There are 2 protein chains.
Amino acid sequence: MKLHVDLGQNGYDIIIERGALGRVEKELDLSRKVLIVTDSGVPSEYAAAVAKKCTEPLIVTVPEGEGSKSFASLEMLCKKMLDFSFTRSDCVVAVGGGVVGDLSGFAASAFMRGIDFYNIPTTLLSQVDSSVGGKVAVNLGDVKNIVGAFYQPKKVIIDPDVLSTLPHRQIAAGLAESLKMSLTSDKELYEIFKAGSAEENIEEVIRRSLLVKINVVEQDEKENGLRRILNFGHTLGHGIEGAESLPAGEEKLYHGECVALGMIPMCSKELEGELLTILKALGLPTSVGGDLEKMLSIATHDKKRDGESISAVFVGKPGSFEIRKMPIEEWKALIRERFSSYIK
Amino acid sequence: MKLHVDLGQNGYDIIIERGALGRVEKELDLSRKVLIVTDSGVPSEYAAAVAKKCTEPLIVTVPEGEGSKSFASLEMLCKKMLDFSFTRSDCVVAVGGGVVGDLSGFAASAFMRGIDFYNIPTTLLSQVDSSVGGKVAVNLGDVKNIVGAFYQPKKVIIDPDVLSTLPHRQIAAGLAESLKMSLTSDKELYEIFKAGSAEENIEEVIRRSLLVKINVVEQDEKENGLRRILNFGHTLGHGIEGAESLPAGEEKLYHGECVALGMIPMCSKELEGELLTILKALGLPTSVGGDLEKMLSIATHDKKRDGESISAVFVGKPGSFEIRKMPIEEWKALIRERFSSYIK
């Protein structure tokens with residue numbers, strides 16, 4: 001199945017197809033120098049499968065995790081391309097999740113001021129969300145995505161088969177972002193979640209999520225307006241990510257899990273019970289340990305820079321949204337009222 | 001005087017006006033956070049003049065020279081903006097030559113994926129050339145401009161008065177780039193050089209040079225074709241820059257000086273004598289020490305990557321050019337024939 005992102009001369013196709021990884025040469029021009037970037041958490045056979053189809057492949061594996069989205073990694077990738085005499089007509093292929101895509105996409109955008117970039121997302125989260133839209137970046141200290149570019153890939157290859165090696169918890173975290181898109185923009189997709197059949201209809205879930213994302217990106221490539229609906233649940237989610245307290249031995253919540261929690265108080269009270277049922281069925285968390293005030297403070301830290309108000313996205317009925325500009329204090333009060341009972 | 005660069009929504013004005021530096025607030029929106037980037041070779045009163053007009057200025061002075069066009073400087077500038085809580089609605093102002101413009105323009109393009117960038121070039125070279133066109137970059141090792149972006153400024157302010165503090169040798173190096181533009185594209189500008197009156201008509205020289213550059217950039221923003229005429233004289237010039245031999249105590253040739261030399265064999269034989277007279281009158285070099293074979297090797301190193309041919313720009317009659325794709329060896333032979341006598 002093929003979807004098209006219509007951004008004029010920056011437009012591109014997304015291929016969704018089981019087994020696509022094994023025949024990438026049909027979709028991508030690999031008869032040139034190809035820098036394949038992957039990370040240590042991705043099964044190495046995925047990058048190898050791409051390399052096998054290239055005339056001059058060069059695989060670079062960065063360590064798994066946000067730490068790889070750094071200036072140091074960016075410089076390293078550019079240095080690799082320079083050392084291997086890459087020209088403007090060579091290309092970069094990302095094989096991995098959001099970290100790999102964001103880092104290598106930024107490197108592709110900057111090397112010689114821009115060479116071709118292909119994205120082959122291998123996590124559900126990156127398949128339904130980050131691989132499309134052209135936001136590439138690295139982090140600076142603990143501030144995420146602060147340095148980057150808008151740079152569209154030439155093509156995105158989504159092979160649902162690669163999800164079979166993904167732990168269920170990562171699948172659930174990806175589904176949380178998809179659920180987010182259904183809530184603001186696609187009632188039918190929401191019905192799939194409500195029916196508890198998202199996992200068995202994973203291709204349809206990917207397709208519908210991408211249609212939502214594509215629609216937003218086409219209307220707002222550089223993130224000036226509509227694109228903020230993609231941040232539904234993300235403001236509080238970001239605060240949770242930064243301030244959850246961890247019992248000894250427990251792993252940090254994933255980004256998608258924090259977003260799942262962050263959506264709860266942004267949905268109408270009528271919807272709350274249903275949403276909780278869906279989250280539980282997917283194996284997503286419905287409570288979190290930590291200090292709510294600290295979460296609120298982290299959540300609004302960025303916003304303060306934009307003055308003292310916040311553009312909050314609310315969902316009353318699935319498939320529709322409302323963006324309300326409100327004073328930060330008012331937003332905090334609302335979250336206190338609606339979310340305190342979810343703090344362990 | 002105002003020129004406009006028509007690049008659709010990336011379009012911008014260039015203001016050429018004596019004393020413009022003293023009233024920048026009339027042209028630039030400085031009522032926000034402003035990162036002013038300058039270097040140690042630029043009189044500090046220029047950056048101070050801009051800062052005086054800002055509500056929240058932050059001046060960063062990098063060391064003079066190419067060494068500042070580095071990943072480390074880029075990260076440092078982004079870090080400064082982060083530390084001072086810059087948002088997407090704040091801006092960067094470059095006050096200096098090409099190094100400052102290229103570095104700070106790239107930082108502006110990447111911070112939060114792009115914030116406003118103003119350029120106030122203070123060398124003649126940057127006034128007639130690098131401040132316009134949107135090519136921003138840093139170097140990697142000894143490879144120039146290999147990592148960067150196409151990112152247009154919001155406005156360029158050219159104050160010819162700042163040239164009064166510039167050593168004559170730097171003026172001459174800037175005029176070399178202007179002479180280059182006249183040779184390929186502006187016969188009337190060439191006549192000013194031929195009449196020996198470029199310096200006394202500096203505003204007209206700046207204006208006409210920029211019109212050539214604007215015309216090229218408007219037709220070829222991302223450097224896919226026509227823009228290569230701006231590289232007239234640069235291929236050999238680049239080789240000279242990398243391989244000239246320096247007698248003890250003598251300073252390296254400037255970029256503009258190398259370009260001046262590089263143009264000689266690319267002009268028709270009929271034009272050669274006249275060109276030499278102009279170069280001498282401007283105080284530009286007409287000979288260079290070093291090993292020609294080494295120069296040729298450096299000059300063609302990049303090109304080799306594009307296969308074994310080179311797109312050479314030739315000028316028969318001033319104001320017109322011819323781009324000829326030729327085998328590298330043929331180009332080298334031509335340079336040997338035409339340039340050996342200029343090697344000291």
# chains A, B, ... in the order shown; residues from 1 in each chain; ligands from 1

call {"tool": "select_by_dssp", "arguments": {"residues": "range 96-310 of chain A", "states": "strand (DSSP E or B)", "output": "number ranges by chain"}}
result
A: 96, 111, 116-121, 135-140, 143-150, 155-158, 244, 267, 288, 290, 309-310

call {"tool": "write_last_selection", "arguments": {"atoms": "C-alpha atoms", "output": "PDB file, in the first residue's frame"}}
result
ATOM      1  CA  GLY A  96      15.514   2.010  13.649  1.00  0.00           C
ATOM      2  CA  PHE A 111      25.841  17.112   5.021  1.00  0.00           C
ATOM      3  CA  ASP A 116      18.783  12.143   0.053  1.00  0.00           C
ATOM      4  CA  PHE A 117      17.323  10.589   3.164  1.00  0.00           C
ATOM      5  CA  TYR A 118      15.251   7.389   3.397  1.00  0.00           C
ATOM      6  CA  ASN A 119      13.575   6.265   6.587  1.00  0.00           C
ATOM      7  CA  ILE A 120      12.845   2.636   7.472  1.00  0.00           C
ATOM      8  CA  PRO A 121      11.218   2.829  10.926  1.00  0.00           C
ATOM      9  CA  LYS A 135      11.137  16.946  11.992  1.00  0.00           C
ATOM     10  CA  VAL A 136      14.747  15.909  12.548  1.00  0.00           C
ATOM     11  CA  ALA A 137      16.920  16.981  15.472  1.00  0.00           C
ATOM     12  CA  VAL A 138      19.423  16.292  18.202  1.00  0.00           C
ATOM     13  CA  ASN A 139      19.206  17.112  21.912  1.00  0.00           C
ATOM     14  CA  LEU A 140      21.299  19.557  23.877  1.00  0.00           C
ATOM     15  CA  VAL A 143      16.524  19.445  26.321  1.00  0.00           C
ATOM     16  CA  LYS A 144      15.054  17.309  23.590  1.00  0.00           C
ATOM     17  CA  ASN A 145      15.027  18.180  19.889  1.00  0.00           C
ATOM     18  CA  ILE A 146      16.254  21.729  20.450  1.00  0.00           C
ATOM     19  CA  VAL A 147      18.617  21.796  17.436  1.00  0.00           C
ATOM     20  CA  GLY A 148      17.472  20.452  14.098  1.00  0.00           C
ATOM     21  CA  ALA A 149      15.732  21.072  10.805  1.00  0.00           C
ATOM     22  CA  PHE A 150      12.580  20.480   8.827  1.00  0.00           C
ATOM     23  CA  LYS A 155      10.709   7.823   0.915  1.00  0.00           C
ATOM     24  CA  VAL A 156       9.527   5.957   4.029  1.00  0.00           C
ATOM     25  CA  ILE A 157       9.368   2.152   4.071  1.00  0.00           C
ATOM     26  CA  ILE A 158       7.146   0.586   6.714  1.00  0.00           C
ATOM     27  CA  GLU A 244       7.982  10.346  37.659  1.00  0.00           C
ATOM     28  CA  CYS A 267     -10.452  14.128  27.519  1.00  0.00           C
ATOM     29  CA  VAL A 288       2.103   6.949  37.995  1.00  0.00           C
ATOM     30  CA  GLY A 290       5.736  11.090  41.614  1.00  0.00           C
ATOM     31  CA  SER A 309      -0.456  31.141  28.441  1.00  0.00           C
ATOM     32  CA  ILE A 310      -0.696  27.678  26.980  1.00  0.00           C
TER      33      ILE A 310
END

call {"tool": "residues_around", "arguments": {"residues": "range 47-62 of chain B", "least_positions_apart": "4", "cutoff": "8 Å", "atoms": "only C-alpha atoms", "output": "MDAnalysis selection string"}}
result
chainID B and resid 21:22 24:25 30:40 43 68 73 77 95

call {"tool": "closest_residue", "arguments": {"among": "B:Ile323, B:Leu7, B:Arg113, B:Ala312", "to": "Lys222 in chain B", "atoms": "only C-alpha atoms"}}
result
B:Leu7

call {"tool": "atom_distance", "arguments": {"atom1": "CA of Ile202 in chain B", "atom2": "CA of Leu163 in chain B"}}
result
9.7 Å

call {"tool": "closest_residue", "arguments": {"among": "B:Ala195, B:Asn224, B:Leu210, B:Lys187", "to": "chain A", "atoms": "only C-alpha atoms"}}
result
B:Asn224

call {"tool": "residues_around", "arguments": {"residues": "Leu334 in chain A", "least_positions_apart": "6", "cutoff": "10 Å", "atoms": "only C-alpha atoms", "output": "JSON, numbers by chain"}}
result
{"A": [265, 266, 328]}

call {"tool": "select_by_dssp", "arguments": {"residues": "range 83-291 of chain B", "states": "helix (DSSP H, G or I)", "output": "PyMOL selection string"}}
result
chain B and resi 83+98-110+124-130+160-165+168-185+187-194+199-219+226-231+234-243+255-266+269-282

call {"tool": "atom_distance", "arguments": {"atom1": "CA of Ser287 in chain B", "atom2": "CA of Ala198 in chain B"}}
result
22.0 Å

call {"tool": "closest_residue", "arguments": {"among": "B:Lys332, B:Lys252, B:Lys79, B:Lys344", "to": "chain A", "atoms": "only C-alpha atoms"}}
result
B:Lys79

call {"tool": "atom_distance", "arguments": {"atom1": "CA of Leu261 in chain B", "atom2": "CA of Leu175 in chain B"}}
result
13.0 Å

call {"tool": "closest_residue", "arguments": {"among": "B:Thr184, B:Glu17, B:Gly239, B:His301", "to": "chain A", "atoms": "only C-alpha atoms"}}
result
B:His301

call {"tool": "residues_around", "arguments": {"residues": "Pro167 in chain B", "least_positions_apart": "6", "cutoff": "12 Å", "atoms": "only C-alpha atoms", "output": "ChimeraX atom specification"}}
result
/B:41-42,123-124,173-174

call {"tool": "write_last_selection", "arguments": {"atoms": "N, CA, C and O atoms", "output": "compact mmCIF listing (two decimals), in the first residue's frame"}}
result
# COMPACT_ATOMS: atom_id res chain seq x y z
N GLY B 41 38.18 39.99 15.22
CA GLY B 41 38.80 40.87 14.23
C GLY B 41 37.91 42.05 13.85
O GLY B 41 38.36 42.98 13.18
N VAL B 42 36.67 42.02 14.28
CA VAL B 42 35.72 43.09 13.93
C VAL B 42 35.75 44.14 15.05
O VAL B 42 35.72 43.78 16.22
N THR B 123 32.69 43.17 6.12
CA THR B 123 33.83 43.17 5.20
C THR B 123 33.27 43.35 3.79
O THR B 123 32.11 43.02 3.54
N LEU B 124 34.09 43.83 2.89
CA LEU B 124 33.60 44.04 1.54
C LEU B 124 33.25 42.69 0.90
O LEU B 124 32.26 42.55 0.19
N ALA B 173 40.63 42.26 -1.69
CA ALA B 173 40.17 40.87 -1.76
C ALA B 173 38.66 40.82 -2.02
O ALA B 173 38.18 39.96 -2.76
N GLY B 174 37.94 41.77 -1.46
CA GLY B 174 36.51 41.84 -1.72
C GLY B 174 36.24 42.25 -3.16
O GLY B 174 35.35 41.70 -3.83
